[in-house]
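Structure file query31.txt; described as compact mmCIF, C-alpha atoms.
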```
# COMPACT_ATOMS: atom_id res chain seq x y z
CA MET A 9 -13.96 -29.24 -16.52
CA ALA A 10 -10.92 -27.28 -15.45
CA LEU A 11 -7.53 -27.94 -16.98
CA PRO A 12 -4.49 -28.22 -14.74
CA ALA A 13 -2.39 -25.08 -14.73
CA GLU A 14 0.58 -26.66 -16.55
CA LYS A 15 -1.62 -27.70 -19.44
CA LEU A 16 -2.97 -24.21 -19.71
CA GLU A 17 0.51 -22.76 -19.72
CA GLN A 18 1.49 -25.06 -22.56
CA ARG A 19 -1.35 -23.67 -24.55
CA LEU A 20 0.16 -20.24 -24.24
CA THR A 21 2.54 -21.03 -27.03
CA GLN A 22 -0.59 -21.00 -29.18
CA PRO A 23 -2.11 -17.70 -30.20
CA GLN A 24 -3.60 -16.16 -27.13
CA HIS A 25 -7.18 -16.15 -28.36
CA ASN A 26 -7.11 -19.93 -27.96
CA LEU A 27 -7.41 -19.33 -24.25
CA ARG A 28 -11.05 -18.58 -24.75
CA LEU A 29 -11.43 -22.30 -25.29
CA VAL A 30 -11.08 -22.78 -21.57
CA PRO A 31 -13.51 -20.22 -20.23
CA ASP A 32 -14.14 -22.13 -17.01
CA ILE A 33 -10.74 -21.21 -15.65
CA LYS A 34 -10.21 -17.70 -14.41
CA TRP A 35 -6.90 -16.22 -15.35
CA GLU A 36 -5.37 -12.86 -16.06
CA LEU A 37 -2.55 -11.80 -18.31
CA ILE A 38 -0.21 -9.71 -16.18
CA ASP A 39 2.82 -8.26 -17.95
CA GLY A 40 2.64 -11.13 -20.43
CA ALA A 41 2.40 -13.88 -17.82
CA ILE A 42 -0.65 -16.01 -17.17
CA VAL A 43 -1.80 -15.70 -13.58
CA MET A 44 -4.57 -17.93 -12.31
CA MET A 45 -7.18 -16.30 -10.12
CA SER A 46 -8.08 -17.81 -6.77
CA PRO A 47 -11.41 -17.44 -5.05
CA GLY A 48 -11.37 -14.67 -2.46
CA LYS A 49 -11.82 -14.96 1.28
CA PRO A 50 -15.26 -14.03 2.70
CA GLY A 51 -14.04 -10.65 4.02
CA HIS A 52 -12.73 -9.81 0.57
CA SER A 53 -15.94 -10.86 -1.16
CA ARG A 54 -18.15 -9.00 1.28
CA ALA A 55 -16.30 -5.73 0.88
CA SER A 56 -16.26 -6.19 -2.88
CA ARG A 57 -19.97 -7.02 -3.04
CA ASN A 58 -20.95 -4.10 -0.81
CA ILE A 59 -19.06 -1.63 -2.98
CA PHE A 60 -20.48 -3.13 -6.14
CA ARG A 61 -24.04 -2.84 -4.85
CA LYS A 62 -23.48 0.79 -3.98
CA ILE A 63 -21.92 1.66 -7.33
CA ASP A 64 -24.39 -0.36 -9.37
CA HIS A 65 -27.34 1.20 -7.59
CA PHE A 66 -25.89 4.66 -8.14
CA LEU A 67 -25.26 4.08 -11.85
CA GLN A 68 -28.78 2.77 -12.40
CA GLY A 69 -30.14 5.91 -10.77
CA GLN A 70 -28.10 7.92 -13.25
CA GLY A 71 -29.95 6.31 -16.13
CA GLY A 72 -27.49 3.53 -16.83
CA LEU A 73 -25.14 5.58 -18.99
CA CYS A 74 -22.21 3.88 -17.34
CA GLU A 75 -22.13 0.30 -16.14
CA ALA A 76 -20.31 -1.62 -13.44
CA PHE A 77 -18.84 -5.11 -13.73
CA MET A 78 -17.82 -7.27 -10.81
CA GLU A 79 -14.94 -9.71 -11.12
CA ASN A 80 -16.33 -11.23 -14.24
CA ILE A 81 -15.00 -9.29 -17.14
CA PHE A 82 -11.75 -9.17 -19.01
CA VAL A 83 -10.34 -5.69 -19.37
CA ARG A 84 -7.80 -5.47 -22.16
CA LEU A 85 -5.45 -2.60 -21.34
CA THR A 86 -2.50 -3.61 -23.50
CA GLU A 87 -1.75 -6.81 -25.42
CA ASP A 88 0.23 -8.11 -22.43
CA ASN A 89 -2.08 -6.84 -19.76
CA ARG A 90 -5.61 -8.17 -19.55
CA PHE A 91 -6.94 -7.97 -16.04
CA ILE A 92 -10.11 -9.01 -14.29
CA PRO A 93 -10.61 -6.16 -11.80
CA ASP A 94 -12.69 -6.74 -8.69
CA ILE A 95 -14.93 -3.92 -9.93
CA ALA A 96 -14.74 -1.91 -13.15
CA VAL A 97 -16.98 0.99 -14.17
CA ILE A 98 -17.20 1.72 -17.88
CA CYS A 99 -18.93 4.67 -19.48
CA ASP A 100 -17.79 4.24 -23.08
CA LYS A 101 -20.00 1.31 -23.99
CA SER A 102 -18.44 1.06 -27.44
CA ALA A 103 -15.40 -0.36 -25.63
CA VAL A 104 -17.48 -3.32 -24.46
CA THR A 105 -17.26 -6.05 -27.09
CA ASP A 106 -18.80 -9.52 -27.04
CA ASP A 107 -15.69 -10.86 -25.34
CA GLU A 108 -14.19 -8.18 -23.18
CA VAL A 109 -13.72 -4.54 -22.40
CA ASN A 110 -11.24 -3.08 -24.81
CA GLY A 111 -9.73 0.01 -23.21
CA PRO A 112 -9.42 1.64 -19.83
CA PRO A 113 -12.46 1.79 -17.53
CA ASP A 114 -13.28 5.06 -15.78
CA LEU A 115 -13.06 3.62 -12.29
CA ILE A 116 -11.37 0.48 -11.01
CA VAL A 117 -11.69 -1.02 -7.53
CA GLU A 118 -9.30 -3.68 -6.28
CA VAL A 119 -9.74 -5.36 -2.90
CA LEU A 120 -6.37 -6.43 -1.46
CA SER A 121 -5.47 -10.00 -0.59
CA PRO A 122 -2.04 -11.42 0.29
CA SER A 123 -1.51 -12.95 -3.12
CA THR A 124 -2.55 -9.84 -5.07
CA ALA A 125 -1.26 -6.92 -2.99
CA LYS A 126 2.02 -6.64 -4.85
CA ASN A 127 0.34 -6.38 -8.25
CA ASP A 128 -2.50 -4.18 -7.05
CA ARG A 129 -0.05 -1.62 -5.70
CA GLY A 130 2.66 -2.13 -8.27
CA HIS A 131 2.30 -3.37 -11.80
CA LYS A 132 -1.48 -3.08 -12.12
CA MET A 133 -1.50 0.42 -10.65
CA ARG A 134 1.16 1.47 -13.19
CA ILE A 135 -0.76 -0.04 -16.10
CA TYR A 136 -4.04 1.50 -14.95
CA GLY A 137 -2.26 4.85 -14.83
CA LYS A 138 -0.52 4.55 -18.18
CA THR A 139 -3.61 3.37 -20.04
CA GLY A 140 -5.82 6.16 -18.74
CA VAL A 141 -8.03 4.74 -15.98
CA LYS A 142 -9.29 7.91 -14.28
CA GLU A 143 -9.73 6.76 -10.71
CA TYR A 144 -8.48 3.75 -8.75
CA TRP A 145 -9.56 2.56 -5.32
CA ILE A 146 -7.54 0.15 -3.22
CA VAL A 147 -9.71 -1.45 -0.57
CA ASP A 148 -7.91 -2.96 2.43
CA PRO A 149 -10.18 -5.32 4.41
CA ASN A 150 -7.62 -5.53 7.26
CA ASN A 151 -7.16 -1.80 7.78
CA PHE A 152 -10.84 -1.12 6.95
CA SER A 153 -9.54 1.54 4.62
CA ILE A 154 -9.98 2.76 1.07
CA GLU A 155 -7.21 4.60 -0.75
CA VAL A 156 -8.34 6.77 -3.64
CA TYR A 157 -5.84 7.32 -6.42
CA MET A 158 -6.38 9.75 -9.28
CA ASN A 159 -4.68 9.63 -12.64
CA ASN A 160 -2.28 12.52 -12.92
CA ASP A 161 -0.68 12.53 -16.33
CA GLY A 162 -0.41 8.76 -16.60
CA LYS A 163 0.54 8.12 -12.97
CA MET A 164 -1.80 7.13 -10.18
CA GLU A 165 -1.41 9.54 -7.28
CA LEU A 166 -2.93 9.18 -3.84
CA ASP A 167 -5.74 11.68 -3.43
CA GLY A 168 -7.53 10.43 -0.34
CA TYR A 169 -7.22 7.94 2.49
CA TYR A 170 -10.36 6.87 4.32
CA ALA A 171 -10.48 4.45 7.21
CA ILE A 172 -12.54 3.24 10.15
CA LEU A 173 -10.65 3.38 13.42
CA PRO A 174 -11.43 1.21 16.43
CA LYS A 175 -14.00 2.93 18.70
CA THR A 176 -11.38 3.86 21.29
CA ASP A 177 -8.90 5.39 18.88
CA PRO A 178 -10.56 8.57 17.58
CA LYS A 179 -10.64 10.02 21.10
CA PHE A 180 -6.97 9.27 21.57
CA TYR A 181 -5.99 10.86 18.28
CA LYS A 182 -8.18 13.91 18.88
CA GLU A 183 -6.61 14.44 22.29
CA ILE A 184 -3.18 14.58 20.77
CA GLY A 185 -4.42 16.91 18.06
CA GLN A 186 -4.23 14.56 15.10
CA GLU A 187 -6.54 14.69 12.16
CA ILE A 188 -8.44 11.44 11.94
CA PRO A 189 -9.42 10.01 8.55
CA GLU A 190 -12.94 10.53 7.23
CA THR A 191 -15.19 7.48 6.99
CA SER A 192 -17.03 8.53 3.85
CA PHE A 193 -16.09 10.12 0.56
CA ASN A 194 -17.38 11.02 -2.87
CA SER A 195 -15.81 9.75 -6.05
CA LEU A 196 -14.06 12.46 -8.03
CA THR A 197 -15.05 10.98 -11.38
CA PHE A 198 -18.66 10.46 -10.23
CA PRO A 199 -19.12 13.31 -7.74
CA GLU A 200 -22.56 12.17 -6.62
CA LEU A 201 -21.39 8.67 -5.80
CA ASN A 202 -20.95 8.61 -2.03
CA ILE A 203 -19.23 5.74 -0.27
CA ASP A 204 -19.74 5.20 3.44
CA LEU A 205 -17.05 2.89 4.84
CA TYR A 206 -19.37 1.70 7.63
CA GLU A 207 -21.67 0.31 4.92
CA ILE A 208 -18.83 -1.19 2.93
CA PHE A 209 -17.20 -2.90 5.89
CA ALA A 210 -20.47 -3.57 7.79
CA ASP A 211 -20.10 -7.35 7.72
CA VAL A 212 -16.30 -7.28 7.78
CA LEU A 213 -15.69 -5.23 10.94
CA PRO A 214 -14.98 -7.23 14.10
CA GLU A 215 -17.64 -7.08 16.81
CA GLY A 216 -17.42 -3.96 18.94
CA TYR A 217 -14.88 -2.33 16.60
CA MET B 15 17.12 0.10 26.46
CA GLY B 16 20.87 0.11 27.17
CA LEU B 17 21.52 -1.44 23.81
CA LEU B 18 19.65 1.31 22.04
CA GLN B 19 21.24 4.18 23.89
CA GLU B 20 24.62 2.75 23.13
CA TYR B 21 24.19 3.19 19.45
CA LEU B 22 22.24 6.43 19.35
CA PRO B 23 24.65 8.73 17.55
CA GLU B 24 26.09 11.57 19.58
CA ILE B 25 25.26 14.21 17.04
CA ASP B 26 21.64 13.57 17.79
CA SER B 27 21.64 14.34 21.48
CA GLU B 28 24.08 17.24 21.24
CA LYS B 29 22.90 19.24 18.32
CA ILE B 30 19.21 18.79 17.83
CA GLN B 31 17.14 21.05 20.02
CA SER B 32 14.39 19.19 21.81
CA GLU B 33 11.67 21.60 20.69
CA GLU B 34 12.58 21.08 17.08
CA ARG B 35 12.11 17.35 17.43
CA LYS B 36 8.41 17.45 18.06
CA TRP B 37 7.31 19.12 14.87
CA GLU B 38 7.31 18.23 11.26
CA LEU B 39 6.61 20.59 8.40
CA ILE B 40 4.46 18.76 5.86
CA ASP B 41 3.78 20.69 2.67
CA GLY B 42 4.13 23.90 4.67
CA ILE B 43 1.87 22.80 7.52
CA PRO B 44 3.44 22.37 10.97
CA THR B 45 2.36 18.97 12.26
CA MET B 46 2.89 17.63 15.74
CA LEU B 47 4.68 14.31 15.95
CA MET B 48 2.32 11.88 17.60
CA PRO B 49 2.86 9.03 19.99
CA GLY B 50 2.10 5.74 18.25
CA ALA B 51 -0.46 3.17 19.28
CA PRO B 52 1.04 0.13 21.10
CA GLY B 53 1.22 -2.04 17.97
CA HIS B 54 3.15 0.71 16.24
CA THR B 55 5.64 0.98 19.10
CA TYR B 56 6.27 -2.79 19.49
CA THR B 57 6.93 -3.05 15.79
CA ASN B 58 9.32 -0.11 15.85
CA VAL B 59 11.29 -1.59 18.71
CA ASN B 60 11.53 -5.02 17.05
CA MET B 61 12.82 -3.43 13.87
CA LEU B 62 15.57 -1.61 15.71
CA ILE B 63 17.50 -4.76 16.57
CA PRO B 64 18.45 -5.68 13.00
CA PHE B 65 19.20 -2.03 12.28
CA TYR B 66 21.39 -1.80 15.34
CA LEU B 67 23.31 -4.96 14.54
CA HIS B 68 23.87 -3.98 10.95
CA PHE B 69 25.01 -0.39 11.45
CA LYS B 70 26.89 -0.91 14.71
CA ASN B 71 30.33 -0.34 13.22
CA SER B 72 29.25 1.55 10.14
CA PRO B 73 29.77 5.22 9.26
CA CYS B 74 26.05 5.26 8.49
CA LYS B 75 23.84 6.24 11.40
CA VAL B 76 20.36 5.11 12.35
CA PHE B 77 17.83 7.63 13.62
CA ILE B 78 14.63 6.65 15.35
CA GLU B 79 12.07 9.41 15.32
CA ASN B 80 14.78 11.78 16.42
CA MET B 81 16.17 13.46 13.33
CA LYS B 82 14.50 16.15 11.31
CA PHE B 83 15.33 16.02 7.63
CA HIS B 84 15.03 19.32 5.78
CA LEU B 85 13.98 18.19 2.31
CA THR B 86 12.30 21.25 0.78
CA GLU B 87 11.33 24.73 1.98
CA LYS B 88 7.96 23.30 2.97
CA ASP B 89 8.94 19.80 4.02
CA ARG B 90 10.87 18.82 7.13
CA PHE B 91 10.12 15.27 8.15
CA ILE B 92 11.00 13.12 11.13
CA PRO B 93 10.90 9.53 9.84
CA ASP B 94 10.11 6.63 12.17
CA ILE B 95 13.48 5.17 11.18
CA ALA B 96 16.08 6.74 8.91
CA VAL B 97 19.56 5.65 7.86
CA LEU B 98 21.96 8.42 6.94
CA CYS B 99 25.46 7.76 5.66
CA ASP B 100 26.63 11.30 4.92
CA THR B 101 26.41 12.67 8.45
CA SER B 102 28.16 15.89 7.38
CA ILE B 103 24.73 17.24 6.41
CA VAL B 104 23.59 17.21 10.03
CA LYS B 105 23.39 20.75 11.44
CA LYS B 106 22.09 22.20 14.64
CA ASP B 107 18.47 22.07 13.49
CA GLY B 108 18.56 18.70 11.77
CA ALA B 109 19.85 17.08 8.60
CA HIS B 110 19.83 19.22 5.46
CA GLY B 111 19.26 16.65 2.79
CA PRO B 112 17.79 13.20 2.33
CA PRO B 113 18.63 10.07 4.29
CA ASP B 114 19.53 6.93 2.33
CA LEU B 115 16.73 4.77 3.68
CA VAL B 116 13.45 5.72 5.32
CA VAL B 117 11.03 3.47 7.20
CA GLU B 118 7.54 4.69 8.05
CA VAL B 119 5.18 2.60 10.15
CA LEU B 120 1.60 3.30 9.08
CA SER B 121 -0.98 4.57 11.50
CA PRO B 122 -4.50 5.67 10.53
CA THR B 123 -3.62 9.34 10.94
CA THR B 124 -0.36 9.21 8.99
CA ALA B 125 -1.19 6.74 6.21
CA ARG B 126 -2.39 9.40 3.82
CA ASN B 127 0.87 11.33 4.05
CA ASP B 128 3.11 8.27 4.22
CA GLU B 129 1.70 6.93 0.95
CA GLY B 130 1.09 10.27 -0.69
CA HIS B 131 2.88 13.53 -0.06
CA LYS B 132 5.80 12.18 1.96
CA MET B 133 6.47 9.39 -0.53
CA ARG B 134 6.58 11.98 -3.33
CA ILE B 135 8.93 14.27 -1.44
CA TYR B 136 11.20 11.38 -0.40
CA GLY B 137 11.37 10.43 -4.07
CA GLU B 138 12.04 13.92 -5.38
CA SER B 139 14.64 14.72 -2.74
CA GLY B 140 16.66 11.57 -3.44
CA VAL B 141 15.94 9.05 -0.68
CA LYS B 142 17.15 5.79 -2.21
CA GLU B 143 14.80 3.34 -0.58
CA TYR B 144 11.53 3.63 1.31
CA TRP B 145 9.78 1.02 3.41
CA ILE B 146 6.16 1.23 4.47
CA VAL B 147 5.37 -1.01 7.41
CA ASP B 148 1.71 -2.01 7.68
CA ILE B 149 1.01 -3.50 11.10
CA LYS B 150 -2.53 -4.62 10.20
CA ASN B 151 -1.44 -6.63 7.19
CA TYR B 152 1.84 -7.75 8.83
CA SER B 153 3.48 -6.42 5.75
CA ILE B 154 6.40 -4.32 4.53
CA ARG B 155 6.27 -2.64 1.14
CA VAL B 156 9.64 -1.76 -0.32
CA TYR B 157 9.87 1.16 -2.75
CA VAL B 158 12.99 2.16 -4.65
CA ASN B 159 13.79 5.52 -6.14
CA GLN B 160 13.69 5.52 -9.90
CA GLY B 161 14.42 8.90 -11.42
CA GLY B 162 12.91 10.81 -8.51
CA LYS B 163 9.80 8.64 -8.16
CA MET B 164 9.30 5.89 -5.62
CA GLU B 165 8.40 2.69 -7.45
CA LEU B 166 7.10 -0.41 -5.68
CA TYR B 167 9.78 -3.10 -5.65
CA ASP B 168 8.09 -5.81 -3.62
CA VAL B 169 5.52 -6.55 -0.94
CA TYR B 170 6.54 -8.81 1.94
CA MET B 171 3.78 -10.20 4.09
CA ILE B 172 2.86 -12.83 6.62
CA THR B 173 -0.09 -14.78 5.30
CA PRO B 174 -2.59 -16.39 7.73
CA ARG B 175 -1.82 -20.12 8.10
CA GLU B 176 -5.09 -21.27 6.60
CA GLU B 177 -4.70 -19.06 3.56
CA LEU B 178 -1.07 -20.12 3.22
CA GLU B 179 -2.12 -23.76 2.85
CA PHE B 180 -4.70 -22.75 0.29
CA LEU B 181 -2.27 -20.68 -1.76
CA LYS B 182 0.24 -23.54 -1.68
CA SER B 183 -2.34 -26.04 -2.87
CA GLU B 184 -3.24 -23.69 -5.71
CA GLY B 185 0.42 -23.35 -6.67
CA LYS B 186 0.24 -19.58 -6.17
CA THR B 187 3.10 -17.27 -5.39
CA ILE B 188 3.26 -16.73 -1.65
CA PRO B 189 4.58 -13.38 -0.43
CA ALA B 190 8.04 -13.71 1.12
CA THR B 191 8.35 -13.18 4.87
CA SER B 192 11.93 -11.97 4.96
CA LEU B 193 13.68 -9.25 3.05
CA ASN B 194 17.02 -7.67 2.40
CA SER B 195 17.45 -3.97 1.81
CA LEU B 196 18.45 -3.07 -1.75
CA THR B 197 20.64 -0.19 -0.65
CA PHE B 198 22.21 -2.15 2.23
CA PRO B 199 22.07 -5.73 0.97
CA ASP B 200 23.23 -7.26 4.26
CA LEU B 201 20.49 -5.55 6.23
CA ALA B 202 17.90 -8.30 6.62
CA MET B 203 14.48 -8.40 8.29
CA ASP B 204 12.40 -11.36 9.31
CA LEU B 205 8.74 -10.38 9.43
CA TYR B 206 7.94 -13.04 12.03
CA GLU B 207 10.37 -11.29 14.38
CA ILE B 208 9.23 -7.79 13.56
CA PHE B 209 5.56 -8.57 14.04
CA ALA B 210 6.08 -11.06 16.90
CA ASP B 211 4.16 -8.89 19.38
CA VAL B 212 1.19 -8.08 17.19
CA LEU B 213 0.63 -11.32 15.28
CA PRO B 214 -2.66 -13.13 16.10
CA GLU B 215 -2.78 -16.86 16.90
CA ASP B 216 -3.96 -17.98 13.49
CA TYR B 217 -0.89 -16.60 11.73
```

Entire entry expressed as structure tokens:
Amino acid sequence: MALPAEKLEQRLTQPQHNLRLVPDIKWELIDGAIVMMSPGKPGHSRASRNIFRKIDHFLQGQGGLCEAFMENIFVRLTEDNRFIPDIAVICDKSAVTDDEVNGPPDLIVEVLSPSTAKNDRGHKMRIYGKTGVKEYWIVDPNNFSIEVYMNNDGKMELDGYYAILPKTDPKFYKEIGQEIPETSFNSLTFPELNIDLYEIFADVLPEGY
Amino acid sequence: MGLLQEYLPEIDSEKIQSEERKWELIDGIPTMLMPGAPGHTYTNVNMLIPFYLHFKNSPCKVFIENMKFHLTEKDRFIPDIAVLCDTSIVKKDGAHGPPDLVVEVLSPTTARNDEGHKMRIYGESGVKEYWIVDIKNYSIRVYVNQGGKMELYDVYMITPREELEFLKSEGKTIPATSLNSLTFPDLAMDLYEIFADVLPEDY
């Protein structure tokens, strides 16, 4: 049975490990504040699931040295920052304890939603950078785009922007001599992991897009 | 467009050669300035009204895709909207130095630069505040310059009605739909007005 949010917040005055007593509520610790997680919209879940499938399949083919988690694992980055990323890929399995992942994953994927966009692009991106996450993807289900950020000395820096344009647009942009974004890319941390945006957004794209 | 012409600063039409206006230099690569898609243009026009009203009697000038800012040897950008207070840096070929505020409206072909290289250069060259307007998310992201790096300050966004109800019922923080500039605190934007022409029915 879920506790109301106020009750949970009261418990925060207790040592934080007490929060494990209420495992049926999903929450994150963001900059020291408890933030409850809401269920995602279908478009969000589809994009997230499609990427997870792709990554998971790839990692299994690599012999399972690294593993992928989908929205179901606590990643402890600092004492005040314990996030549940949409997708996290971890290669150092010694960081995976019975309760959580203790340390930075190699790759994090966050799918944007209105209530998370500010953190995904702001605080979380900073913490992922500072704590040593190697690669960070921001997936935007409204722009049908993926931004790839790479850790450069503790800061996440944009390395690539990939997007699906409406059918009519590429012609227009080509005519005016603009470079249109690619619709597939390879991870830099896992060079053989190829992501095709048409697969990722297959059931998210509007009809005829 | 009478209103807009009225406030276009004179230095613009007199001094900037028309050829110069069409090209940007991005990390050393000459890049043609492109016409925006309709959504991009509507949004630009709607944003101009609050800019016009705010800077009407100000020494600061507003430039709409018509001022080239020389920021480094390899970087000369023409922002979608720029506010410049020290107009003494404007020369025949453009402004030699950073504007105070830059607004870039994302399009698929510019997003990579707007969020990557240009954001870095705006930060390093001393632009105080940088807005990224995302017409697909009905959103404005405000970045502020902290020690030469653009840091995200806040994300403003119109949330679909259905999701809004849900977020309210969950007691979640709902992104604000109006904002004030940090550099020009009386410069205010209402996202419902800015995105009026591109917002779908269910918003």

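Minimum atom-to-atom distances from A:Lys49, A:Arg134, A:Lys34, A:Lys179 to Leu181 (chain B) were compared using all atoms listed in the file, and the lowest value belongs to A:Lys49.
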
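CA of Leu196 (chain B) to CA of Gly161 (chain B) spans 15.9 Å [interatomic distance, one decimal].
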
- Just need the residues of chain B within 10 Å of chain A, counting all atoms listed in the file, so spit them out as a ChimeraX atom specification. /B:45-51,121-127,129-131,133-134,148-153,155,157,165-174,177-178,180-181,184-189

- Message: Taking 4 positions as the minimum chain separation for residues in the same chain, which residues sit within 6 Å of Glu79 (chain A) when counting all atoms listed in the file? Answer as a PyMOL selection string.
- Response: chain A and resi 92-95

- Shortest interatomic distance to Phe77 (chain B) - which of B:Ile146, B:Ile43, B:Val141, B:Val116, counting all atoms listed in the file: B:Val116

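Shortest atom-to-atom contact with Leu98 (chain B) among B:Leu62, B:Val119, B:Cys74, B:Val147: B:Cys74, counting only C-alpha atoms.
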
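If you look at CA of Ser102 (chain B) and CA of Met81 (chain B), they are 13.6 Å away from each other.
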
- Query: Quick one: of A:Lys138, A:Lys175, A:His65, A:Lys101, who's nearest to Asn159 (chain A), counting only C-alpha atoms?
  - Reply: A:Lys138

- Could you state the separation of CA of Asp100 (chain B) and CA of Leu201 (chain B) in Å, given to one decimal place? 18.0 Å

- Query: What lies within 6 Å of Glu38 (chain B) using only C-alpha atoms, ignoring chain neighbours under 2 positions off, as a PyMOL selection string?
  - Reply: chain B and resi 44-45+90-91
